[in-house]
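Text of entry_3.txt (compact mmCIF, N, CA and C atoms and all ligand atoms) as supplied:
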```txt
# COMPACT_ATOMS: atom_id res chain seq x y z
N MET G 4 35.85 55.89 -56.41
CA MET G 4 36.99 56.79 -56.18
C MET G 4 38.28 56.04 -56.47
N VAL G 5 38.80 56.23 -57.67
CA VAL G 5 40.01 55.52 -58.08
C VAL G 5 41.24 56.27 -57.60
N LEU G 6 41.11 57.56 -57.58
CA LEU G 6 42.31 58.39 -57.54
C LEU G 6 42.59 58.95 -56.16
N ARG G 7 43.80 58.75 -55.71
CA ARG G 7 44.24 59.44 -54.50
C ARG G 7 45.40 60.36 -54.80
N THR G 8 45.98 60.18 -55.96
CA THR G 8 47.17 60.96 -56.27
C THR G 8 46.87 62.44 -56.39
N VAL G 9 45.62 62.81 -56.62
CA VAL G 9 45.32 64.25 -56.68
C VAL G 9 45.55 64.91 -55.33
N ALA G 10 45.72 64.09 -54.30
CA ALA G 10 45.99 64.68 -53.00
C ALA G 10 47.39 65.29 -52.93
N GLY G 11 48.26 64.93 -53.87
CA GLY G 11 49.60 65.52 -53.89
C GLY G 11 49.49 67.02 -54.07
N ARG G 12 50.48 67.74 -53.66
CA ARG G 12 50.37 69.19 -53.67
C ARG G 12 51.65 69.84 -54.16
N ARG G 13 51.52 70.92 -54.89
CA ARG G 13 52.67 71.76 -55.21
C ARG G 13 52.15 73.13 -55.60
N THR G 14 52.99 73.98 -56.05
CA THR G 14 52.50 75.30 -56.43
C THR G 14 52.76 75.55 -57.90
N GLY G 15 51.97 76.44 -58.47
CA GLY G 15 52.14 76.81 -59.86
C GLY G 15 51.88 78.29 -60.02
N GLU G 16 52.62 78.91 -60.93
CA GLU G 16 52.51 80.36 -61.12
C GLU G 16 51.32 80.74 -61.99
N THR G 17 50.97 79.88 -62.91
CA THR G 17 49.91 80.22 -63.86
C THR G 17 49.00 79.01 -64.07
N ALA G 18 47.92 79.23 -64.81
CA ALA G 18 47.01 78.15 -65.15
C ALA G 18 47.73 77.07 -65.96
N ASP G 19 48.74 77.45 -66.73
CA ASP G 19 49.52 76.45 -67.48
C ASP G 19 50.13 75.42 -66.55
N ASP G 20 50.59 75.90 -65.40
CA ASP G 20 51.20 74.98 -64.44
C ASP G 20 50.17 74.01 -63.87
N LEU G 21 48.94 74.48 -63.77
CA LEU G 21 47.87 73.60 -63.31
C LEU G 21 47.65 72.48 -64.33
N GLU G 22 47.68 72.83 -65.60
CA GLU G 22 47.52 71.81 -66.65
C GLU G 22 48.70 70.83 -66.64
N SER G 23 49.90 71.35 -66.45
CA SER G 23 51.07 70.47 -66.39
C SER G 23 50.96 69.51 -65.21
N TRP G 24 50.46 70.02 -64.12
CA TRP G 24 50.30 69.18 -62.92
C TRP G 24 49.34 68.03 -63.20
N LEU G 25 48.26 68.33 -63.89
CA LEU G 25 47.27 67.29 -64.21
C LEU G 25 47.88 66.22 -65.11
N VAL G 26 48.68 66.65 -66.09
CA VAL G 26 49.25 65.71 -67.05
C VAL G 26 50.23 64.75 -66.37
N GLN G 27 50.92 65.21 -65.33
CA GLN G 27 51.94 64.35 -64.72
C GLN G 27 51.38 63.45 -63.62
N LEU G 28 50.09 63.46 -63.37
CA LEU G 28 49.52 62.61 -62.32
C LEU G 28 49.87 61.14 -62.55
N GLN G 29 50.21 60.46 -61.47
CA GLN G 29 50.58 59.05 -61.54
C GLN G 29 49.52 58.21 -60.84
N GLY G 30 49.49 56.91 -61.18
CA GLY G 30 48.61 55.99 -60.48
C GLY G 30 47.15 56.13 -60.85
N CYS G 31 46.91 56.66 -62.04
CA CYS G 31 45.54 56.87 -62.51
C CYS G 31 45.58 56.79 -64.03
N PRO G 32 44.44 56.81 -64.70
CA PRO G 32 44.47 56.81 -66.17
C PRO G 32 45.29 58.00 -66.69
N ASP G 33 45.95 57.84 -67.81
CA ASP G 33 46.76 58.93 -68.39
C ASP G 33 45.88 60.12 -68.73
N VAL G 34 46.31 61.30 -68.34
CA VAL G 34 45.61 62.51 -68.74
C VAL G 34 46.14 62.91 -70.11
N THR G 35 45.26 62.89 -71.09
CA THR G 35 45.69 63.17 -72.46
C THR G 35 45.14 64.50 -72.97
N ARG G 36 44.29 65.13 -72.19
CA ARG G 36 43.75 66.42 -72.61
C ARG G 36 43.40 67.22 -71.35
N THR G 37 43.63 68.52 -71.40
CA THR G 37 43.32 69.34 -70.23
C THR G 37 42.50 70.55 -70.65
N GLN G 38 41.77 71.09 -69.69
CA GLN G 38 41.03 72.32 -69.95
C GLN G 38 40.97 73.15 -68.66
N ILE G 39 41.22 74.44 -68.81
CA ILE G 39 41.03 75.36 -67.69
C ILE G 39 39.60 75.87 -67.75
N THR G 40 38.89 75.79 -66.63
CA THR G 40 37.49 76.20 -66.60
C THR G 40 37.37 77.71 -66.79
N ALA G 41 36.44 78.10 -67.67
CA ALA G 41 36.13 79.51 -67.86
C ALA G 41 34.62 79.68 -67.78
N CYS G 42 34.17 80.74 -67.14
CA CYS G 42 32.74 80.99 -67.02
C CYS G 42 32.16 81.32 -68.39
N THR G 43 31.00 80.71 -68.68
CA THR G 43 30.40 80.88 -70.01
C THR G 43 29.40 82.04 -70.05
N ASN G 44 29.21 82.72 -68.93
CA ASN G 44 28.25 83.82 -68.93
C ASN G 44 28.67 84.89 -69.95
N PRO G 45 27.73 85.27 -70.85
CA PRO G 45 28.08 86.24 -71.90
C PRO G 45 28.50 87.60 -71.36
N SER G 46 28.18 87.89 -70.09
CA SER G 46 28.54 89.20 -69.55
C SER G 46 30.05 89.43 -69.52
N HIS G 47 30.84 88.38 -69.66
CA HIS G 47 32.29 88.55 -69.61
C HIS G 47 32.88 88.95 -70.96
N GLY G 48 32.07 88.92 -72.02
CA GLY G 48 32.57 89.32 -73.33
C GLY G 48 33.77 88.49 -73.74
N ASP G 49 34.79 89.16 -74.23
CA ASP G 49 35.97 88.46 -74.71
C ASP G 49 36.92 88.06 -73.59
N GLU G 50 36.68 88.59 -72.41
CA GLU G 50 37.60 88.32 -71.32
C GLU G 50 37.06 87.20 -70.45
N ALA G 51 37.53 85.99 -70.67
CA ALA G 51 37.03 84.83 -69.95
C ALA G 51 37.29 84.99 -68.45
N ALA G 52 36.27 84.69 -67.66
CA ALA G 52 36.43 84.73 -66.21
C ALA G 52 36.87 83.35 -65.73
N THR G 53 37.96 83.28 -65.00
CA THR G 53 38.52 81.97 -64.62
C THR G 53 38.73 81.85 -63.11
N TRP G 54 38.14 82.77 -62.33
CA TRP G 54 38.27 82.67 -60.88
C TRP G 54 36.96 82.16 -60.31
N PHE G 55 37.06 81.13 -59.48
CA PHE G 55 35.86 80.45 -58.97
C PHE G 55 35.96 80.14 -57.48
N TYR G 56 34.78 80.07 -56.86
CA TYR G 56 34.63 79.36 -55.59
C TYR G 56 34.25 77.93 -55.97
N VAL G 57 34.80 76.96 -55.27
CA VAL G 57 34.56 75.56 -55.63
C VAL G 57 34.09 74.77 -54.42
N GLU G 58 33.08 73.95 -54.62
CA GLU G 58 32.72 72.96 -53.62
C GLU G 58 32.96 71.60 -54.27
N ALA G 59 33.63 70.70 -53.56
CA ALA G 59 33.91 69.39 -54.14
C ALA G 59 34.09 68.37 -53.04
N ASP G 60 33.72 67.12 -53.36
CA ASP G 60 33.90 66.02 -52.44
C ASP G 60 34.61 64.88 -53.17
N PRO G 61 35.84 64.56 -52.75
CA PRO G 61 36.60 63.52 -53.46
C PRO G 61 36.01 62.13 -53.28
N ASP G 62 35.28 61.88 -52.22
CA ASP G 62 34.73 60.54 -52.00
C ASP G 62 33.46 60.31 -52.80
N GLU G 63 32.65 61.33 -52.93
CA GLU G 63 31.38 61.20 -53.64
C GLU G 63 31.51 61.56 -55.12
N ALA G 64 32.68 62.10 -55.52
CA ALA G 64 32.88 62.54 -56.91
C ALA G 64 31.82 63.54 -57.33
N VAL G 65 31.74 64.62 -56.59
CA VAL G 65 30.87 65.73 -56.97
C VAL G 65 31.67 67.02 -56.90
N ALA G 66 31.28 67.98 -57.76
CA ALA G 66 31.92 69.29 -57.73
C ALA G 66 31.00 70.32 -58.36
N ARG G 67 31.11 71.53 -57.86
CA ARG G 67 30.35 72.65 -58.41
C ARG G 67 31.22 73.88 -58.26
N HIS G 68 31.19 74.75 -59.26
CA HIS G 68 31.96 75.98 -59.13
C HIS G 68 31.08 77.19 -59.40
N ARG G 69 31.44 78.28 -58.76
CA ARG G 69 30.69 79.52 -58.89
C ARG G 69 31.65 80.64 -59.27
N CYS G 70 31.30 81.33 -60.35
CA CYS G 70 32.16 82.40 -60.87
C CYS G 70 32.22 83.55 -59.88
N VAL G 71 33.43 83.95 -59.52
CA VAL G 71 33.61 85.03 -58.56
C VAL G 71 33.07 86.33 -59.12
N SER G 72 33.19 86.52 -60.41
CA SER G 72 32.85 87.78 -61.04
C SER G 72 31.34 87.96 -61.23
N CYS G 73 30.64 86.93 -61.72
CA CYS G 73 29.21 87.10 -62.03
C CYS G 73 28.29 86.24 -61.19
N GLY G 74 28.82 85.29 -60.43
CA GLY G 74 27.99 84.47 -59.55
C GLY G 74 27.35 83.26 -60.20
N GLN G 75 27.54 83.09 -61.51
CA GLN G 75 26.95 81.92 -62.17
C GLN G 75 27.62 80.65 -61.66
N SER G 76 26.80 79.64 -61.34
CA SER G 76 27.39 78.40 -60.86
C SER G 76 27.05 77.25 -61.78
N GLN G 77 27.89 76.25 -61.76
CA GLN G 77 27.68 75.08 -62.60
C GLN G 77 28.12 73.82 -61.87
N HIS G 78 27.27 72.79 -61.94
CA HIS G 78 27.68 71.47 -61.45
C HIS G 78 28.56 70.82 -62.50
N VAL G 79 29.58 70.13 -62.05
CA VAL G 79 30.48 69.44 -62.96
C VAL G 79 29.90 68.05 -63.29
N LEU G 80 29.79 67.77 -64.58
CA LEU G 80 29.27 66.49 -65.07
C LEU G 80 27.94 66.17 -64.39
N ASP G 81 27.82 64.97 -63.76
CA ASP G 81 26.52 64.59 -63.19
C ASP G 81 26.42 64.92 -61.69
N SER G 82 27.22 65.86 -61.22
CA SER G 82 27.29 66.12 -59.77
C SER G 82 25.94 66.47 -59.16
N GLU G 83 25.09 67.15 -59.92
CA GLU G 83 23.82 67.60 -59.35
C GLU G 83 22.95 66.41 -58.93
N GLU G 84 23.11 65.27 -59.63
CA GLU G 84 22.27 64.11 -59.35
C GLU G 84 22.57 63.47 -58.00
N HIS G 85 23.78 63.63 -57.53
CA HIS G 85 24.08 63.07 -56.19
C HIS G 85 24.82 64.09 -55.34
N TRP G 86 24.33 65.31 -55.43
CA TRP G 86 24.94 66.42 -54.68
C TRP G 86 24.82 66.19 -53.19
N ASN G 87 25.88 66.38 -52.46
CA ASN G 87 25.85 66.11 -51.01
C ASN G 87 26.35 67.30 -50.19
N PHE G 88 26.29 68.48 -50.79
CA PHE G 88 26.62 69.72 -50.08
C PHE G 88 27.99 69.70 -49.41
N PRO G 89 29.04 69.43 -50.18
CA PRO G 89 30.38 69.46 -49.59
C PRO G 89 30.78 70.89 -49.22
N ARG G 90 31.77 70.98 -48.37
CA ARG G 90 32.28 72.30 -47.95
C ARG G 90 32.96 73.01 -49.11
N MET G 91 32.96 74.33 -49.02
CA MET G 91 33.68 75.10 -50.02
C MET G 91 35.18 74.87 -49.87
N TRP G 92 35.84 74.74 -51.02
CA TRP G 92 37.30 74.56 -51.01
C TRP G 92 37.97 75.81 -50.43
N ALA G 93 39.00 75.57 -49.63
CA ALA G 93 39.87 76.65 -49.17
C ALA G 93 41.30 76.18 -49.37
N CYS G 94 42.14 77.10 -49.74
CA CYS G 94 43.54 76.75 -49.99
C CYS G 94 44.17 76.13 -48.75
N PRO G 95 44.81 74.95 -48.89
CA PRO G 95 45.43 74.30 -47.73
C PRO G 95 46.63 75.08 -47.20
N SER G 96 47.16 76.00 -47.99
CA SER G 96 48.32 76.76 -47.51
C SER G 96 47.93 78.12 -46.93
N CYS G 97 47.05 78.86 -47.64
CA CYS G 97 46.78 80.24 -47.18
C CYS G 97 45.33 80.46 -46.80
N SER G 98 44.48 79.44 -46.98
CA SER G 98 43.10 79.46 -46.49
C SER G 98 42.10 80.30 -47.27
N GLN G 99 42.53 81.05 -48.26
CA GLN G 99 41.52 81.79 -49.02
C GLN G 99 40.85 80.84 -50.03
N SER G 100 39.74 81.28 -50.62
CA SER G 100 38.86 80.33 -51.33
C SER G 100 38.73 80.53 -52.84
N ILE G 101 39.45 81.46 -53.41
CA ILE G 101 39.30 81.68 -54.85
C ILE G 101 40.36 80.88 -55.60
N ALA G 102 39.89 80.14 -56.62
CA ALA G 102 40.80 79.24 -57.33
C ALA G 102 40.55 79.28 -58.83
N GLU G 103 41.60 78.99 -59.58
CA GLU G 103 41.44 78.57 -60.97
C GLU G 103 41.19 77.07 -60.94
N VAL G 104 40.36 76.59 -61.85
CA VAL G 104 40.00 75.18 -61.85
C VAL G 104 40.43 74.56 -63.17
N GLY G 105 41.08 73.41 -63.10
CA GLY G 105 41.51 72.72 -64.30
C GLY G 105 41.03 71.29 -64.30
N ALA G 106 40.74 70.78 -65.48
CA ALA G 106 40.31 69.39 -65.61
C ALA G 106 41.30 68.64 -66.49
N GLY G 107 41.59 67.39 -66.08
CA GLY G 107 42.41 66.51 -66.89
C GLY G 107 41.56 65.35 -67.35
N LEU G 108 41.55 65.09 -68.65
CA LEU G 108 40.70 64.06 -69.22
C LEU G 108 41.52 62.89 -69.72
N HIS G 109 41.03 61.69 -69.46
CA HIS G 109 41.59 60.52 -70.12
C HIS G 109 40.73 60.23 -71.33
N VAL G 110 41.28 60.49 -72.52
CA VAL G 110 40.53 60.31 -73.75
C VAL G 110 40.99 59.03 -74.43
N GLU G 111 40.05 58.12 -74.62
CA GLU G 111 40.34 56.87 -75.33
C GLU G 111 40.33 57.16 -76.83
N PRO G 112 40.87 56.23 -77.63
CA PRO G 112 40.71 56.37 -79.08
C PRO G 112 39.23 56.56 -79.42
N VAL G 113 38.95 57.11 -80.54
CA VAL G 113 37.62 57.52 -81.00
C VAL G 113 36.98 58.56 -80.08
N ASP G 114 37.87 59.34 -79.43
CA ASP G 114 37.37 60.55 -78.79
C ASP G 114 36.39 60.34 -77.65
N GLN G 115 36.54 59.21 -76.94
CA GLN G 115 35.64 58.95 -75.82
C GLN G 115 36.38 59.18 -74.50
N VAL G 116 35.70 59.82 -73.56
CA VAL G 116 36.29 60.11 -72.26
C VAL G 116 35.63 59.23 -71.21
N ASN G 117 36.44 58.56 -70.37
CA ASN G 117 35.85 57.76 -69.31
C ASN G 117 36.35 58.13 -67.92
N TRP G 118 37.20 59.16 -67.87
CA TRP G 118 37.74 59.55 -66.57
C TRP G 118 38.19 61.01 -66.62
N VAL G 119 37.86 61.74 -65.56
CA VAL G 119 38.22 63.16 -65.48
C VAL G 119 38.72 63.46 -64.06
N ALA G 120 39.83 64.16 -63.97
CA ALA G 120 40.33 64.65 -62.68
C ALA G 120 40.14 66.16 -62.63
N LEU G 121 39.82 66.67 -61.46
CA LEU G 121 39.59 68.09 -61.29
C LEU G 121 40.54 68.63 -60.22
N ALA G 122 41.19 69.74 -60.50
CA ALA G 122 42.13 70.31 -59.54
C ALA G 122 41.99 71.82 -59.50
N ALA G 123 42.47 72.40 -58.41
CA ALA G 123 42.37 73.84 -58.20
C ALA G 123 43.76 74.44 -58.03
N ARG G 124 43.91 75.70 -58.49
CA ARG G 124 45.14 76.45 -58.19
C ARG G 124 44.75 77.71 -57.45
N CYS G 125 45.28 77.87 -56.27
CA CYS G 125 44.99 79.06 -55.46
C CYS G 125 45.49 80.30 -56.20
N VAL G 126 44.59 81.29 -56.38
CA VAL G 126 45.01 82.47 -57.14
C VAL G 126 45.89 83.39 -56.29
N ASP G 127 45.98 83.10 -55.01
CA ASP G 127 46.77 83.95 -54.13
C ASP G 127 48.20 83.42 -54.02
N CYS G 128 48.36 82.19 -53.51
CA CYS G 128 49.71 81.67 -53.25
C CYS G 128 50.15 80.63 -54.28
N GLY G 129 49.25 80.21 -55.17
CA GLY G 129 49.65 79.30 -56.25
C GLY G 129 49.60 77.83 -55.90
N THR G 130 49.21 77.49 -54.69
CA THR G 130 49.13 76.07 -54.32
C THR G 130 48.15 75.33 -55.22
N ILE G 131 48.59 74.17 -55.70
CA ILE G 131 47.73 73.33 -56.53
C ILE G 131 47.23 72.17 -55.67
N ASP G 132 45.95 71.90 -55.77
CA ASP G 132 45.31 70.93 -54.88
C ASP G 132 44.32 70.11 -55.69
N GLY G 133 44.36 68.79 -55.53
CA GLY G 133 43.38 67.94 -56.19
C GLY G 133 42.00 68.13 -55.57
N LEU G 134 40.95 68.13 -56.38
CA LEU G 134 39.58 68.32 -55.88
C LEU G 134 38.83 66.99 -55.83
N THR G 135 38.68 66.36 -56.98
CA THR G 135 38.00 65.08 -57.04
C THR G 135 38.26 64.48 -58.42
N ASP G 136 37.77 63.28 -58.64
CA ASP G 136 37.84 62.70 -59.99
C ASP G 136 36.57 61.92 -60.28
N PHE G 137 36.28 61.79 -61.56
CA PHE G 137 35.03 61.20 -62.02
C PHE G 137 35.33 60.02 -62.95
N THR G 138 34.73 58.87 -62.62
CA THR G 138 34.78 57.73 -63.52
C THR G 138 33.40 57.59 -64.14
N MET G 139 33.33 57.41 -65.45
CA MET G 139 32.00 57.41 -66.07
C MET G 139 31.97 56.54 -67.31
N ASP G 140 30.75 56.27 -67.77
CA ASP G 140 30.60 55.59 -69.04
C ASP G 140 31.18 56.48 -70.12
N PRO G 141 31.83 55.88 -71.12
CA PRO G 141 32.47 56.69 -72.16
C PRO G 141 31.52 57.72 -72.77
N MET G 142 32.02 58.92 -72.93
CA MET G 142 31.23 60.04 -73.39
C MET G 142 32.10 60.85 -74.35
N PRO G 143 31.51 61.41 -75.41
CA PRO G 143 32.32 62.19 -76.34
C PRO G 143 33.02 63.36 -75.64
N ALA G 144 34.26 63.62 -76.02
CA ALA G 144 35.06 64.64 -75.36
C ALA G 144 34.39 66.01 -75.39
N ASP G 145 33.77 66.37 -76.51
CA ASP G 145 33.13 67.68 -76.60
C ASP G 145 32.04 67.85 -75.55
N GLU G 146 31.29 66.78 -75.35
CA GLU G 146 30.20 66.85 -74.38
C GLU G 146 30.76 66.98 -72.96
N VAL G 147 31.82 66.23 -72.69
CA VAL G 147 32.45 66.33 -71.37
C VAL G 147 32.95 67.75 -71.13
N LEU G 148 33.62 68.32 -72.10
CA LEU G 148 34.20 69.65 -71.94
C LEU G 148 33.11 70.70 -71.67
N ARG G 149 31.94 70.52 -72.27
CA ARG G 149 30.83 71.44 -72.03
C ARG G 149 30.29 71.35 -70.61
N ARG G 150 30.46 70.20 -69.99
CA ARG G 150 29.84 69.97 -68.68
C ARG G 150 30.83 70.12 -67.52
N LEU G 151 31.99 70.71 -67.81
CA LEU G 151 32.98 70.89 -66.74
C LEU G 151 32.81 72.25 -66.07
ZN ZN V 201 30.99 84.54 -64.71
ZN ZN V 202 46.73 79.78 -51.23
```
Would you mind writing the file out in structure tokens?
Amino acid sequence: MVLRTVAGRRTGETADDLESWLVQLQGCPDVTRTQITACTNPSHGDEAATWFYVEADPDEAVARHRCVSCGQSQHVLDSEEHWNFPRMWACPSCSQSIAEVGAGLHVEPVDQVNWVALAARCVDCGTIDGLTDFTMDPMPADEVLRRL
């Protein structure tokens, strides 16, 4: 667990603000690429579903999200291998549990990722909250993005 700066908090009006928040994180590897999580279930057609319930543990570096709309869930990166059943995220300001999820990647030259930060934006009040971060052996960015 390298990162504590994700514990900082502010609010954002849109998913763009969540990405901006990730990019400005201090005291950790530079975030050079961001992605807002969208559910890959084909039932959503052209309209990407971006509202999730999230379980995450900042100490164990595990996270899983479940699509509010279709119920499909996904473990982030290798979280399933050391899953420890963390509590579901709830907004620290308004207590509801539905969030947009954004990832910030530190991409080294030659397109390798060795660090990812995960954060949530409350869809109700806009509070942005750090979830956890992952340090890993360098992995191609495309593969990382698929596993978020
Ligand atoms: Zn879905
Ligand atoms: Zn809230």
Practice item. Find the residues with any atom within 6 Å of (39.2, 66.9, -54.0); use only C-alpha atoms and the coordinates as given in the file, and write the answer as a list in words. Key: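 Counting only C-alpha atoms, I find these residues within 6 Å of (39.2, 66.9, -54.0): Ala59, Asp60, Pro61, Gly133, Leu134 and Thr135 of chain G.
Atom to atom, atom N of Leu25 in chain G and atom N of Gly107 in chain G stand 7.1 Å apart.
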Review point. Is there a way to get, as number ranges by chain, all residues within 8 Å of the point (42.1, 55.1, -64.8) in file coordinates, counting only N, CA and C atoms?
Key: G: 5-6, 30-33, 109, 117-119, 138
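Of the residues under consideration (G:Asp20, G:Ser96, G:Gln77, G:Asn87), G:Ser96 shows the shortest atom-to-atom contact distance to Cys128 in chain G when counting only N, CA and C atoms.
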**Study point:** Near-ligand residues for ligand ZN 202 (chain V), threshold 7 Å, all atoms listed in the file, as a PyMOL selection string
**Key:** chain G and resi 93-99+124-130
Review point. Which parts of range 4-61 of chain G does DSSP call strand (DSSP E) when run on the backbone here, written out as a ChimeraX atom specification?
Key: /G:12-14,36-39,55-60
Practice item. For each of G:Trp54, G:Val34, G:Cys73, G:Ala41, take the minimum atom-to-atom distance to ligand ZN 201 (chain V), counting only C-alpha atoms and all ligand atoms, then give the residue where this is smallest. Key: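 Checking each candidate against ligand ZN 201 (chain V), we get G:Cys73 as the closest.
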How close does each residue of chain G get to ligand ZN 201 (chain V), giving the shortest atom pair and distance in Å to one decimal for every residue with an atom at most 6.5 Å away, counting all atoms listed in the file, sorted by chain and residue number, as a Markdown table?
```
| residue | atom | partner | partner_atom | distance |
| --- | --- | --- | --- | --- |
| G:Cys42 | CA | V:ZN201 | ZN | 4.6 |
| G:Thr43 | N | V:ZN201 | ZN | 5.5 |
| G:Asn44 | N | V:ZN201 | ZN | 4.9 |
| G:His47 | N | V:ZN201 | ZN | 6.3 |
| G:Ala52 | CA | V:ZN201 | ZN | 5.6 |
| G:Cys70 | CA | V:ZN201 | ZN | 4.5 |
| G:Val71 | N | V:ZN201 | ZN | 5.8 |
| G:Ser72 | C | V:ZN201 | ZN | 4.9 |
| G:Cys73 | N | V:ZN201 | ZN | 3.8 |
| G:Gly74 | N | V:ZN201 | ZN | 4.9 |
| G:Gln75 | N | V:ZN201 | ZN | 4.9 |
```
Restricted to N, CA and C atoms, what would the selected residues look like written as a short mmCIF file (atom, residue, chain, number, x, y, z; two decimals), keeping the file's coordinate frame?
```
data_model
loop_
_atom_site.label_atom_id
_atom_site.label_comp_id
_atom_site.auth_asym_id
_atom_site.auth_seq_id
_atom_site.Cartn_x
_atom_site.Cartn_y
_atom_site.Cartn_z
N CYS G 42 34.17 80.74 -67.14
CA CYS G 42 32.74 80.99 -67.02
C CYS G 42 32.16 81.32 -68.39
N THR G 43 31.00 80.71 -68.68
CA THR G 43 30.40 80.88 -70.01
C THR G 43 29.40 82.04 -70.05
N ASN G 44 29.21 82.72 -68.93
CA ASN G 44 28.25 83.82 -68.93
C ASN G 44 28.67 84.89 -69.95
N HIS G 47 30.84 88.38 -69.66
CA HIS G 47 32.29 88.55 -69.61
C HIS G 47 32.88 88.95 -70.96
N ALA G 52 36.27 84.69 -67.66
CA ALA G 52 36.43 84.73 -66.21
C ALA G 52 36.87 83.35 -65.73
N CYS G 70 31.30 81.33 -60.35
CA CYS G 70 32.16 82.40 -60.87
C CYS G 70 32.22 83.55 -59.88
N VAL G 71 33.43 83.95 -59.52
CA VAL G 71 33.61 85.03 -58.56
C VAL G 71 33.07 86.33 -59.12
N SER G 72 33.19 86.52 -60.41
CA SER G 72 32.85 87.78 -61.04
C SER G 72 31.34 87.96 -61.23
N CYS G 73 30.64 86.93 -61.72
CA CYS G 73 29.21 87.10 -62.03
C CYS G 73 28.29 86.24 -61.19
N GLY G 74 28.82 85.29 -60.43
CA GLY G 74 27.99 84.47 -59.55
C GLY G 74 27.35 83.26 -60.20
N GLN G 75 27.54 83.09 -61.51
CA GLN G 75 26.95 81.92 -62.17
C GLN G 75 27.62 80.65 -61.66
#
```
Study note, to complete from the structure: As a check of understanding: the span from CA of Ser23 in chain G to CA of His78 in chain G is 23.9 Å
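Among G:Ala66, G:Val104, G:Phe137, G:Glu22, the residue with the shortest atom-to-atom distance to Ala120 in chain G, counting only C-alpha atoms, is G:Phe137.
Candidate residues G:Ala18, G:Ile101, G:Leu108, G:Val113 were compared for distance to Val57 in chain G, and the nearest is G:Ile101, using only C-alpha atoms.
Separating atom N of Pro141 in chain G from atom C of Pro112 in chain G is a distance of 11.1 Å.
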Review point. Smallest atom-to-atom distance to Thr35 in chain G: which of G:Ala51, G:Val110, G:His68, G:Glu83, using only N, CA and C atoms?
Key: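 Checking each of G:Ala51, G:Val110, G:His68, G:Glu83 against Thr35 in chain G, counting only N, CA and C atoms, the winner is G:Val110.
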Review point. For Asp114 in chain G, which residue out of G:Asp81, G:Asp145, G:Asp136, G:Asp49 is the nearest one, using only N, CA and C atoms?
Key: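 Looking at the shortest contact to Asp114 in chain G, the residue is G:Asp145.
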Exercise for review: as a ChimeraX atom specification, list the residues of range 49-148 of chain G assigned to alpha helix (DSSP H) by DSSP on the backbone atoms of this structure.
Suggested key: /G:144-148
Practice item. Can you pull out every residue within 7 Å of Gly105 in chain G, counting only C-alpha atoms, but drop anything in the same chain fewer than 6 positions away, and send it as a list in words? Key: Leu21, Glu22, Gln38, Ile39, Thr40, Leu121, Ala122 and Ala123 of chain G
Practice item. Please provide the set of residues having any atom within 6.5 Å of range 142-144 of chain G, restricted to all atoms listed in the file, with same-chain residues fewer than 2 positions apart removed, written as a PyMOL selection string. Key: chain G and resi 114-117+139-140+146-149
